[in-house]
>>> print(open('work.pdb').read())   # PDB, C-alpha atoms and all ligand atoms
ATOM      1  CA  MET A 208      -2.891 -19.749  21.679
ATOM      2  CA  ASP A 209      -0.439 -22.299  20.246
ATOM      3  CA  LEU A 210      -2.927 -23.317  17.592
ATOM      4  CA  LEU A 211      -3.613 -19.688  16.712
ATOM      5  CA  LYS A 212       0.106 -18.941  16.490
ATOM      6  CA  SER A 213       0.905 -21.876  14.252
ATOM      7  CA  ARG A 214      -2.063 -21.099  11.992
ATOM      8  CA  LEU A 215      -0.904 -17.511  11.746
ATOM      9  CA  PHE A 216       2.650 -18.612  10.903
ATOM     10  CA  ALA A 217       1.373 -21.006   8.239
ATOM     11  CA  ASN A 218      -0.852 -18.327   6.677
ATOM     12  CA  ILE A 219       1.757 -15.594   6.755
ATOM     13  CA  THR A 220       4.479 -17.857   5.415
ATOM     14  CA  HIS A 221       2.186 -18.736   2.556
ATOM     15  CA  GLU A 222       1.440 -15.068   1.909
ATOM     16  CA  PHE A 223       5.190 -14.386   1.658
ATOM     17  CA  LYS A 224       6.040 -17.502  -0.283
ATOM     18  CA  THR A 225       3.698 -16.943  -3.231
ATOM     19  CA  PRO A 226       4.898 -13.455  -4.219
ATOM     20  CA  LEU A 227       8.514 -14.470  -3.557
ATOM     21  CA  THR A 228       8.133 -17.402  -5.952
ATOM     22  CA  LEU A 229       6.656 -15.076  -8.556
ATOM     23  CA  ILE A 230       9.627 -12.725  -8.186
ATOM     24  CA  LYS A 231      12.314 -15.393  -8.044
ATOM     25  CA  THR A 232      11.130 -17.589 -10.919
ATOM     26  CA  PRO A 233      11.310 -15.023 -13.759
ATOM     27  CA  LEU A 234      14.687 -13.847 -12.413
ATOM     28  CA  GLU A 235      16.078 -17.395 -12.261
ATOM     29  CA  ASP A 236      14.733 -18.012 -15.752
ATOM     30  CA  ALA A 237      16.359 -14.910 -17.184
ATOM     31  CA  ILE A 238      19.688 -15.710 -15.513
ATOM     32  CA  ARG A 239      19.595 -19.290 -16.814
ATOM     33  CA  ARG A 240      18.670 -18.237 -20.364
ATOM     34  CA  ARG A 241      21.107 -15.288 -20.206
ATOM     35  CA  GLU A 242      18.378 -13.111 -21.608
ATOM     36  CA  PRO A 243      17.013  -9.815 -20.291
ATOM     37  CA  LEU A 244      13.636  -9.713 -18.583
ATOM     38  CA  ASN A 245      10.660  -8.833 -20.776
ATOM     39  CA  ASN A 246       7.895  -6.342 -19.890
ATOM     40  CA  GLN A 247       5.551  -9.064 -18.670
ATOM     41  CA  ASP A 248       8.218 -10.370 -16.270
ATOM     42  CA  PHE A 249       8.834  -6.837 -15.011
ATOM     43  CA  SER A 250       5.156  -6.278 -14.340
ATOM     44  CA  ILE A 251       4.836  -9.591 -12.460
ATOM     45  CA  ILE A 252       7.903  -8.787 -10.372
ATOM     46  CA  TYR A 253       6.679  -5.260  -9.649
ATOM     47  CA  LYS A 254       3.192  -6.415  -8.675
ATOM     48  CA  ASN A 255       4.544  -9.025  -6.324
ATOM     49  CA  THR A 256       7.079  -6.766  -4.647
ATOM     50  CA  ASP A 257       4.131  -4.464  -4.070
ATOM     51  CA  ARG A 258       2.210  -7.331  -2.447
ATOM     52  CA  LEU A 259       5.135  -8.045  -0.133
ATOM     53  CA  ASP A 260       5.389  -4.359   0.682
ATOM     54  CA  ASN A 261       1.694  -4.216   1.634
ATOM     55  CA  LEU A 262       1.977  -7.341   3.732
ATOM     56  CA  ILE A 263       4.952  -5.968   5.634
ATOM     57  CA  ASN A 264       3.209  -2.624   6.167
ATOM     58  CA  ASN A 265       0.226  -4.509   7.565
ATOM     59  CA  LEU A 266       2.413  -6.501   9.947
ATOM     60  CA  LEU A 267       4.244  -3.366  11.083
ATOM     61  CA  SER A 268       0.986  -1.495  11.715
ATOM     62  CA  LEU A 269      -0.349  -4.521  13.546
ATOM     63  CA  SER A 270       2.591  -4.656  15.946
ATOM     64  CA  LYS A 271       2.322  -0.895  16.512
ATOM     65  CA  LEU A 272      -1.423  -1.223  17.138
ATOM     66  CA  GLU A 273      -0.738  -4.033  19.617
ATOM     67  CA  SER A 274       1.789  -2.008  21.562
ATOM     68  CA  SER A 275      -0.464   1.086  21.302
ATOM     69  CA  THR A 276       2.399   3.081  19.798
ATOM     70  CA  LEU A 277       0.611   3.820  16.544
ATOM     71  CA  LYS A 278      -0.197   7.506  16.427
ATOM     72  CA  LEU A 279      -2.054   9.329  13.694
ATOM     73  CA  LYS A 280       0.204  11.259  11.329
ATOM     74  CA  VAL A 281      -2.157  13.868   9.996
ATOM     75  CA  LYS A 282      -1.011  15.995   7.093
ATOM     76  CA  ARG A 283      -2.502  18.049   4.328
ATOM     77  CA  GLY A 284      -3.578  16.391   1.091
ATOM     78  CA  ASN A 285      -6.265  15.626  -1.450
ATOM     79  CA  PRO A 286      -7.873  12.327  -0.321
ATOM     80  CA  ILE A 287      -9.729  11.704  -3.591
ATOM     81  CA  LEU A 288      -6.571  12.194  -5.635
ATOM     82  CA  GLN A 289      -4.743   9.810  -3.324
ATOM     83  CA  ILE A 290      -7.504   7.217  -3.744
ATOM     84  CA  SER A 291      -7.457   7.588  -7.525
ATOM     85  CA  GLU A 292      -3.691   6.912  -7.510
ATOM     86  CA  LEU A 293      -4.178   3.851  -5.302
ATOM     87  CA  CYS A 294      -6.862   2.637  -7.729
ATOM     88  CA  SER A 295      -4.607   3.049 -10.733
ATOM     89  CA  GLN A 296      -2.171   0.586  -9.134
ATOM     90  CA  PHE A 297      -4.934  -2.062  -9.164
ATOM     91  CA  LYS A 298      -5.827  -1.619 -12.838
ATOM     92  CA  SER A 299      -3.401  -4.136 -14.280
ATOM     93  CA  TYR A 300      -4.194  -6.630 -11.508
ATOM     94  CA  ALA A 301      -7.894  -6.363 -12.410
ATOM     95  CA  GLN A 302      -7.063  -6.797 -16.095
ATOM     96  CA  SER A 303      -4.950  -9.879 -15.445
ATOM     97  CA  LYS A 304      -7.843 -11.393 -13.425
ATOM     98  CA  ARG A 305     -10.361 -10.322 -16.112
ATOM     99  CA  VAL A 306     -12.331  -8.376 -13.552
ATOM    100  CA  THR A 307     -13.942  -5.094 -14.601
ATOM    101  CA  PHE A 308     -12.713  -2.322 -12.331
ATOM    102  CA  ASN A 309     -14.233   1.165 -12.086
ATOM    103  CA  PHE A 310     -13.329   4.182 -10.011
ATOM    104  CA  LYS A 311     -16.038   6.830  -9.629
ATOM    105  CA  THR A 312     -15.963  10.242  -8.022
ATOM    106  CA  THR A 313     -17.648  13.594  -8.440
ATOM    107  CA  ASP A 314     -15.069  15.572  -6.562
ATOM    108  CA  TYR A 315     -11.334  16.073  -7.023
ATOM    109  CA  ARG A 316     -10.946  19.369  -5.205
ATOM    110  CA  SER A 317     -11.224  18.677  -1.495
ATOM    111  CA  ILE A 318      -8.086  19.502   0.405
ATOM    112  CA  ALA A 319      -8.043  18.218   3.958
ATOM    113  CA  ARG A 320      -5.865  17.137   6.846
ATOM    114  CA  TYR A 321      -5.914  13.391   7.436
ATOM    115  CA  ASP A 322      -3.587  10.423   7.911
ATOM    116  CA  HIS A 323      -2.444   9.393   4.422
ATOM    117  CA  GLU A 324      -1.080   6.027   5.560
ATOM    118  CA  VAL A 325      -4.319   5.061   7.269
ATOM    119  CA  LEU A 326      -6.270   5.862   4.113
ATOM    120  CA  ALA A 327      -3.804   3.943   1.911
ATOM    121  CA  THR A 328      -3.844   0.868   4.167
ATOM    122  CA  CYS A 329      -7.656   0.808   4.276
ATOM    123  CA  VAL A 330      -8.193   1.318   0.541
ATOM    124  CA  ASN A 331      -5.461  -1.196  -0.385
ATOM    125  CA  ASN A 332      -6.919  -3.850   1.911
ATOM    126  CA  LEU A 333     -10.505  -3.348   0.749
ATOM    127  CA  LEU A 334      -9.518  -3.346  -2.919
ATOM    128  CA  SER A 335      -7.256  -6.363  -2.677
ATOM    129  CA  ASN A 336      -9.982  -8.313  -0.864
ATOM    130  CA  ALA A 337     -12.571  -7.277  -3.465
ATOM    131  CA  MET A 338     -10.253  -8.460  -6.265
ATOM    132  CA  LYS A 339      -9.269 -11.635  -4.421
ATOM    133  CA  PHE A 340     -12.836 -12.778  -3.752
ATOM    134  CA  THR A 341     -14.204 -11.908  -7.209
ATOM    135  CA  ASP A 342     -13.853 -14.434 -10.013
ATOM    136  CA  GLU A 343     -13.119 -13.876 -13.677
ATOM    137  CA  GLY A 344     -15.895 -11.959 -15.435
ATOM    138  CA  GLY A 345     -16.974 -10.188 -12.241
ATOM    139  CA  SER A 346     -16.674  -6.529 -11.341
ATOM    140  CA  VAL A 347     -15.239  -4.289  -8.639
ATOM    141  CA  GLU A 348     -16.122  -0.645  -8.158
ATOM    142  CA  LEU A 349     -14.789   2.059  -5.863
ATOM    143  CA  LYS A 350     -16.860   5.209  -5.287
ATOM    144  CA  ALA A 351     -15.353   8.069  -3.300
ATOM    145  CA  GLY A 352     -16.671  11.459  -2.288
ATOM    146  CA  VAL A 353     -16.495  14.124   0.402
ATOM    147  CA  GLU A 354     -19.669  15.275   2.110
ATOM    148  CA  GLU A 355     -19.950  17.568   5.129
ATOM    149  CA  SER A 356     -16.310  16.983   6.058
ATOM    150  CA  TRP A 357     -16.620  13.196   5.845
ATOM    151  CA  LEU A 358     -14.734  11.124   3.330
ATOM    152  CA  ASN A 359     -16.970   8.288   2.105
ATOM    153  CA  VAL A 360     -15.464   5.353   0.259
ATOM    154  CA  GLU A 361     -17.572   2.494  -1.038
ATOM    155  CA  VAL A 362     -15.854  -0.632  -2.374
ATOM    156  CA  SER A 363     -18.269  -3.096  -3.968
ATOM    157  CA  ASP A 364     -17.649  -6.361  -5.718
ATOM    158  CA  SER A 365     -19.761  -8.981  -7.476
ATOM    159  CA  GLY A 366     -17.788 -11.758  -5.800
ATOM    160  CA  MET A 367     -18.591 -14.686  -3.521
ATOM    161  CA  GLY A 368     -20.219 -12.607  -0.769
ATOM    162  CA  ILE A 369     -20.195 -13.203   2.986
ATOM    163  CA  ALA A 370     -22.908 -15.067   4.964
ATOM    164  CA  PRO A 371     -24.840 -12.884   7.477
ATOM    165  CA  GLU A 372     -23.444 -14.778  10.518
ATOM    166  CA  GLU A 373     -19.859 -14.181   9.308
ATOM    167  CA  GLN A 374     -20.213 -10.470   8.616
ATOM    168  CA  GLU A 375     -19.463  -9.324  12.198
ATOM    169  CA  LYS A 376     -16.602 -11.769  12.652
ATOM    170  CA  ILE A 377     -14.562 -10.835   9.567
ATOM    171  CA  PHE A 378     -13.388  -7.718  11.427
ATOM    172  CA  ASP A 379     -11.873  -9.861  14.202
ATOM    173  CA  ARG A 380      -8.157 -10.415  14.089
ATOM    174  CA  PHE A 381      -7.032 -13.616  12.272
ATOM    175  CA  TYR A 382     -10.626 -14.522  11.366
ATOM    176  CA  GLN A 383     -11.171 -16.102   7.965
ATOM    177  CA  VAL A 384     -14.411 -17.525   6.639
ATOM    178  CA  ALA A 385     -14.109 -21.331   6.905
ATOM    179  CA  GLU A 386     -14.437 -22.612   3.336
ATOM    180  CA  LYS A 387     -11.136 -21.447   2.039
ATOM    181  CA  ASP A 388      -8.960 -22.929  -0.633
ATOM    182  CA  GLU A 389      -5.547 -22.217  -2.089
ATOM    183  CA  SER A 390      -6.969 -19.640  -4.519
ATOM    184  CA  HIS A 391      -7.757 -17.238  -1.652
ATOM    185  CA  PRO A 392      -4.642 -17.132   0.492
ATOM    186  CA  GLY A 393      -4.700 -14.734   3.424
ATOM    187  CA  SER A 394      -3.753 -14.064   6.997
ATOM    188  CA  GLY A 395      -7.012 -12.743   8.432
ATOM    189  CA  ILE A 396      -5.236  -9.558   9.481
ATOM    190  CA  GLY A 397      -6.378  -7.068   6.839
ATOM    191  CA  LEU A 398      -9.924  -6.201   7.914
ATOM    192  CA  SER A 399      -9.203  -6.208  11.651
ATOM    193  CA  MET A 400      -6.471  -3.713  10.998
ATOM    194  CA  VAL A 401      -8.678  -1.598   8.760
ATOM    195  CA  LYS A 402     -11.237  -1.472  11.573
ATOM    196  CA  GLU A 403      -8.692  -0.505  14.230
ATOM    197  CA  LEU A 404      -7.061   2.131  12.033
ATOM    198  CA  VAL A 405     -10.413   3.615  11.059
ATOM    199  CA  GLN A 406     -11.415   3.776  14.736
ATOM    200  CA  LEU A 407      -8.126   5.516  15.524
ATOM    201  CA  HIS A 408      -9.170   8.096  12.913
ATOM    202  CA  GLU A 409     -12.630   8.254  14.559
ATOM    203  CA  GLY A 410     -14.298   6.836  11.468
ATOM    204  CA  THR A 411     -16.417   3.776  10.740
ATOM    205  CA  ILE A 412     -16.297   0.675   8.548
ATOM    206  CA  THR A 413     -19.347  -1.452   7.745
ATOM    207  CA  VAL A 414     -20.232  -4.232   5.338
ATOM    208  CA  LYS A 415     -23.332  -5.194   3.388
ATOM    209  CA  SER A 416     -23.187  -8.522   1.624
ATOM    210  CA  VAL A 417     -25.291 -11.223   0.041
ATOM    211  CA  LEU A 418     -23.793 -14.710  -0.192
ATOM    212  CA  GLY A 419     -23.086 -15.578  -3.809
ATOM    213  CA  LYS A 420     -23.929 -12.062  -5.042
ATOM    214  CA  GLY A 421     -21.181  -9.799  -3.704
ATOM    215  CA  SER A 422     -20.144  -7.410  -0.956
ATOM    216  CA  THR A 423     -19.998  -3.670  -0.335
ATOM    217  CA  PHE A 424     -17.660  -2.182   2.253
ATOM    218  CA  LEU A 425     -18.411   1.359   3.402
ATOM    219  CA  LEU A 426     -15.630   3.408   4.895
ATOM    220  CA  ALA A 427     -16.288   6.826   6.446
ATOM    221  CA  ILE A 428     -13.489   8.992   7.802
ATOM    222  CA  PRO A 429     -13.962  12.470   9.290
ATOM    223  CA  LEU A 430     -11.792  15.081   7.594
ATOM    224  CA  ASP A 431     -10.412  18.333   8.812
ATOM    225  CA  GLU A 432     -11.313  20.121   5.581
ATOM    226  CA  ILE A 433      -9.344  23.141   4.428
ATOM    227  CA  THR A 434     -11.250  25.844   2.583
ATOM    228  CA  GLU A 435      -9.954  27.314  -0.687
ATOM    229  CA  ALA A 436      -9.023  30.630   0.959
ATOM    230  CA  SER A 437      -6.982  29.119   3.779
ATOM    231  CA  ALA A 438      -5.513  26.560   1.373
ATOM    232  CA  LYS A 439      -3.853  29.321  -0.641
ATOM    233  CA  GLN A 440      -2.010  30.567   2.438
ATOM    234  CA  MET A 441      -0.489  27.167   3.204
ATOM    235  CA  PRO A 442       3.006  26.413   1.931
ATOM    236  CA  GLU A 443       3.043  24.753  -1.481
ATOM    237  CA  LYS A 444       5.260  21.811  -0.444
ATOM    238  CA  THR A 445       2.651  20.180   1.779
ATOM    239  CA  ILE A 446       0.287  19.612  -1.146
ATOM    240  CA  PHE A 447      -0.113  15.929  -2.020
ATOM    241  CA  SER A 448       2.221  15.123  -4.861
ATOM    242  CA  LYS A 449       2.659  12.229  -7.242
ATOM    243  CA  THR A 450       6.287  11.442  -6.527
ATOM    244  CA  SER A 451       5.948   7.782  -5.573
ATOM    245  CA  LEU A 452       5.091   6.421  -9.007
ATOM    246  CA  GLY A 453       5.305   9.590 -11.034
ATOM    247  CA  ASP A 454       8.905   9.597 -12.123
ATOM    248  CA  ARG A 455      10.751   6.822 -13.842
ATOM    249  CA  ASN A 456      13.641   6.315 -11.467
ATOM    250  CA  GLY A 457      11.775   6.394  -8.217
ATOM    251  CA  TYR A 458      13.438   9.556  -6.940
ATOM    252  CA  ILE A 459      12.498  13.166  -7.422
ATOM    253  CA  GLU A 460      14.049  14.762 -10.480
ATOM    254  CA  ASN A 461      15.614  18.100  -9.864
ATOM    255  CA  PRO A 462      14.620  20.509 -12.631
ATOM    256  CA  THR A 463      17.895  22.451 -12.436
ATOM    257  CA  GLY A 464      20.021  19.391 -13.228
ATOM    258  CA  HIS A 465      23.355  20.419 -11.667
ATOM    259  CA  GLN A 466      23.586  18.473  -8.465
ATOM    260  CA  LYS A 467      27.195  17.367  -8.209
ATOM    261  CA  ASN A 468      27.842  20.104  -5.664
ATOM    262  CA  ARG A 469      25.128  18.630  -3.405
ATOM    263  CA  ASN A 470      25.947  15.994  -0.828
ATOM    264  CA  ILE A 471      23.973  12.959   0.149
ATOM    265  CA  LEU A 472      24.826  10.804   3.134
ATOM    266  CA  ILE A 473      23.298   7.349   2.870
ATOM    267  CA  VAL A 474      23.018   5.478   6.159
ATOM    268  CA  GLU A 475      22.039   1.879   5.493
ATOM    269  CA  ASP A 476      23.125  -1.425   6.998
ATOM    270  CA  ASN A 477      21.993  -3.651   4.124
ATOM    271  CA  GLU A 478      24.975  -3.923   1.767
ATOM    272  CA  ASP A 479      22.876  -4.560  -1.393
ATOM    273  CA  LEU A 480      20.534  -1.670  -0.725
ATOM    274  CA  LEU A 481      23.473   0.606   0.074
ATOM    275  CA  GLN A 482      25.160  -0.239  -3.230
ATOM    276  CA  PHE A 483      21.888   0.136  -5.138
ATOM    277  CA  LEU A 484      21.161   3.576  -3.699
ATOM    278  CA  THR A 485      24.741   4.688  -4.321
ATOM    279  CA  ARG A 486      24.579   3.552  -7.975
ATOM    280  CA  LYS A 487      21.265   5.391  -8.481
ATOM    281  CA  LEU A 488      22.458   8.658  -7.016
ATOM    282  CA  GLU A 489      26.205   8.886  -7.586
ATOM    283  CA  HIS A 490      26.069  10.399 -11.067
ATOM    284  CA  ARG A 491      24.298  13.476  -9.764
ATOM    285  CA  TYR A 492      25.322  13.861  -6.122
ATOM    286  CA  GLN A 493      28.435  13.588  -3.978
ATOM    287  CA  ILE A 494      27.793  10.433  -2.009
ATOM    288  CA  LYS A 495      29.082   9.357   1.363
ATOM    289  CA  THR A 496      27.944   6.184   3.037
ATOM    290  CA  ALA A 497      27.729   4.848   6.565
ATOM    291  CA  LYS A 498      26.625   1.442   7.714
ATOM    292  CA  ASN A 499      25.104   2.396  11.019
ATOM    293  CA  GLY A 500      23.401   5.318  12.705
ATOM    294  CA  LYS A 501      26.315   6.160  15.016
ATOM    295  CA  ARG A 502      28.829   6.467  12.158
ATOM    296  CA  GLY A 503      26.206   8.264  10.049
ATOM    297  CA  CYS A 504      25.702  10.825  12.786
ATOM    298  CA  ASN A 505      29.442  11.399  13.149
ATOM    299  CA  MET A 506      29.883  11.800   9.398
ATOM    300  CA  ALA A 507      26.942  14.184   9.136
ATOM    301  CA  LEU A 508      28.392  16.343  11.926
ATOM    302  CA  LYS A 509      31.891  16.374  10.395
ATOM    303  CA  TRP A 510      30.805  16.936   6.765
TER     304      TRP A 510
HETATM  305  P1  LIG B   1      -7.561 -12.206   4.547
HETATM  306  O1  LIG B   1      -8.181 -11.666   3.302
HETATM  307  O2  LIG B   1      -6.075 -11.998   4.600
HETATM  308  O3  LIG B   1      -7.965 -13.610   4.874
HETATM  309  P2  LIG B   1      -9.083 -10.157   5.908
HETATM  310  O4  LIG B   1      -9.077  -9.726   7.350
HETATM  311  O5  LIG B   1      -8.775  -9.113   4.901
HETATM  312  O6  LIG B   1      -8.081 -11.366   5.809
HETATM  313  O7  LIG B   1     -10.504 -10.783   5.595
HETATM  314  C1  LIG B   1     -11.060 -11.716   6.510
HETATM  315  C2  LIG B   1     -12.017 -12.635   5.782
HETATM  316  O8  LIG B   1     -13.180 -11.903   5.362
HETATM  317  C3  LIG B   1     -11.452 -13.238   4.499
HETATM  318  O9  LIG B   1     -10.672 -14.374   4.753
HETATM  319  C4  LIG B   1     -12.727 -13.553   3.730
HETATM  320  O10 LIG B   1     -13.249 -14.775   4.174
HETATM  321  C5  LIG B   1     -13.687 -12.437   4.137
HETATM  322  N1  LIG B   1     -13.729 -11.329   3.130
HETATM  323  C6  LIG B   1     -13.101 -10.139   3.193
HETATM  324  N2  LIG B   1     -13.392  -9.371   2.131
HETATM  325  C7  LIG B   1     -14.232 -10.081   1.354
HETATM  326  C8  LIG B   1     -14.915  -9.837   0.108
HETATM  327  N3  LIG B   1     -14.763  -8.680  -0.577
HETATM  328  N4  LIG B   1     -15.701 -10.822  -0.379
HETATM  329  C9  LIG B   1     -15.872 -11.999   0.299
HETATM  330  N5  LIG B   1     -15.260 -12.290   1.473
HETATM  331  C10 LIG B   1     -14.454 -11.357   2.006
END
>>> encode(input="work.pdb", output="structure tokens", more="lines below")
Ligand code: ADP
Amino acid sequence: MDLLKSRLFANITHEFKTPLTLIKTPLEDAIRRREPLNNQDFSIIYKNTDRLDNLINNLLSLSKLESSTLKLKVKRGNPILQISELCSQFKSYAQSKRVTFNFKTTDYRSIARYDHEVLATCVNNLLSNAMKFTDEGGSVELKAGVEESWLNVEVSDSGMGIAPEEQEKIFDRFYQVAEKDESHPGSGIGLSMVKELVQLHEGTITVKSVLGKGSTFLLAIPLDEITEASAKQMPEKTIFSKTSLGDRNGYIENPTGHQKNRNILIVEDNEDLLQFLTRKLEHRYQIKTAKNGKRGCNMALKW
């Protein structure tokens, strides 16, 4: 247990340290040179904050899975559209690694009820593994489709492949194939979590792989499909929307513009984040802030 714990700490620390270095270095550089960041710096910083975000989401899901408090949050959406948006976030990563990346689908219309976070975690983990274990000049492809109320996602890569005796074990928690070097950092959490999440959704995950040739991961998730006719009766707001990356400032633009008469109460205990959110919102909303939930509640009730 002690050995396992210290290996996990070492791996996770390394997973945090690399993206943090890639965020901190361009910032330190810009501050030292007293010059603004260029587009390349921005894209490196963005990509690495995204990596940290994924890692933290994985760790949070893991602790919820361990305490059996993770419950499915099923809501209405278009799974293929969601996957295509997840894929678009990997495009520049593939380009920077000189890996050809293709997304293929025949179907953009299926509307269904499913857990969006489960799908995002699975697709992100499979794609980042495919990219990580594929060298320059290789290729990664994601095919997605809906058939008889099942969502099928196939992630294949032309990377290093996995030996037959390892293929079962890679879904075990903290398991990593032995011959690893610094170019493939990891924690051995990703695939075990994908498997547990997929099982929670009553789906399946399997792998086919040939050592030295590449791997294909097949994900199948049952969907509660919504037919066109019933879809029209559902309220518009539950339809999957592109707000997360769609607008420039990271919050939803209001088409009417005049917002100063609207109030926003920000409850946040991190001083930097509180100031940042206030700066972003204060020119269009009346802002009040509270540093903890108790004060926030009181203010909300009095306001
Ligand atoms: P991590 O990638 O953080 O080590 P995972 O649970 O995601 O942890 O994967 C476990 C192991 O399975 C990896 O360390 C790697 O050895 C192997 N693996 C996963 N995906 C691939 C892939 N696409 N190609 C080759 N090996 C893979």
>>> resolve_selection(input="work.pdb", expression="the PyMOL selection byres (((not hetatm)) within 9 of (chain B and resi 1))", output="NGL selection string")
:A and (218-219 or 222 or 332-341 or 362-370 or 373-374 or 376-387 or 391-401 or 416 or 418 or 421-424)
>>> resolve_selection(input="work.pdb", expression="the PyMOL selection byres (((chain A and resi 427) around 6) and not hetatm)", output="ChimeraX atom specification")
/A:358-359,410-411,426,428
>>> residues_around(input="work.pdb", residues="Phe308 (chain A)", least_positions_apart="6", cutoff="7 Å", atoms="only C-alpha atoms", output="NGL selection string")
:A and (298 or 301 or 346-348)
>>> closest_residue(input="work.pdb", among="A:Leu484, A:Leu277, A:Ile230, A:Leu267", to="His408 (chain A)", atoms="all atoms listed in the file")
A:Leu277
>>> resolve_selection(input="work.pdb", expression="the PyMOL selection byres (((chain A and resi 317-327) around 6) and not hetatm)", output="ChimeraX atom specification")
/A:280-285,316,328-331,431-433
>>> write_last_selection(input="work.pdb", atoms="C-alpha atoms", output="short mmCIF file (atom, residue, chain, number, x, y, z; two decimals), keeping the file's coordinate frame")
data_model
loop_
_atom_site.label_atom_id
_atom_site.label_comp_id
_atom_site.auth_asym_id
_atom_site.auth_seq_id
_atom_site.Cartn_x
_atom_site.Cartn_y
_atom_site.Cartn_z
CA LYS A 280 0.20 11.26 11.33
CA VAL A 281 -2.16 13.87 10.00
CA LYS A 282 -1.01 16.00 7.09
CA ARG A 283 -2.50 18.05 4.33
CA GLY A 284 -3.58 16.39 1.09
CA ASN A 285 -6.26 15.63 -1.45
CA ARG A 316 -10.95 19.37 -5.20
CA THR A 328 -3.84 0.87 4.17
CA CYS A 329 -7.66 0.81 4.28
CA VAL A 330 -8.19 1.32 0.54
CA ASN A 331 -5.46 -1.20 -0.38
CA ASP A 431 -10.41 18.33 8.81
CA GLU A 432 -11.31 20.12 5.58
CA ILE A 433 -9.34 23.14 4.43
#
>>> atom_distance(input="work.pdb", atom1="CA of Asp314 (chain A)", atom2="CA of Ser295 (chain A)")
16.8 Å
>>> residues_around(input="work.pdb", residues="Met506 (chain A)", least_positions_apart="4", cutoff="10 Å", atoms="all atoms listed in the file", output="list of chain:residue names")
A:Leu472, A:Val474, A:Lys495, A:Thr496, A:Ala497, A:Gly500, A:Lys501, A:Arg502, A:Trp510
>>> atom_distance(input="work.pdb", atom1="CA of Phe223 (chain A)", atom2="CA of Leu259 (chain A)")
6.6 Å
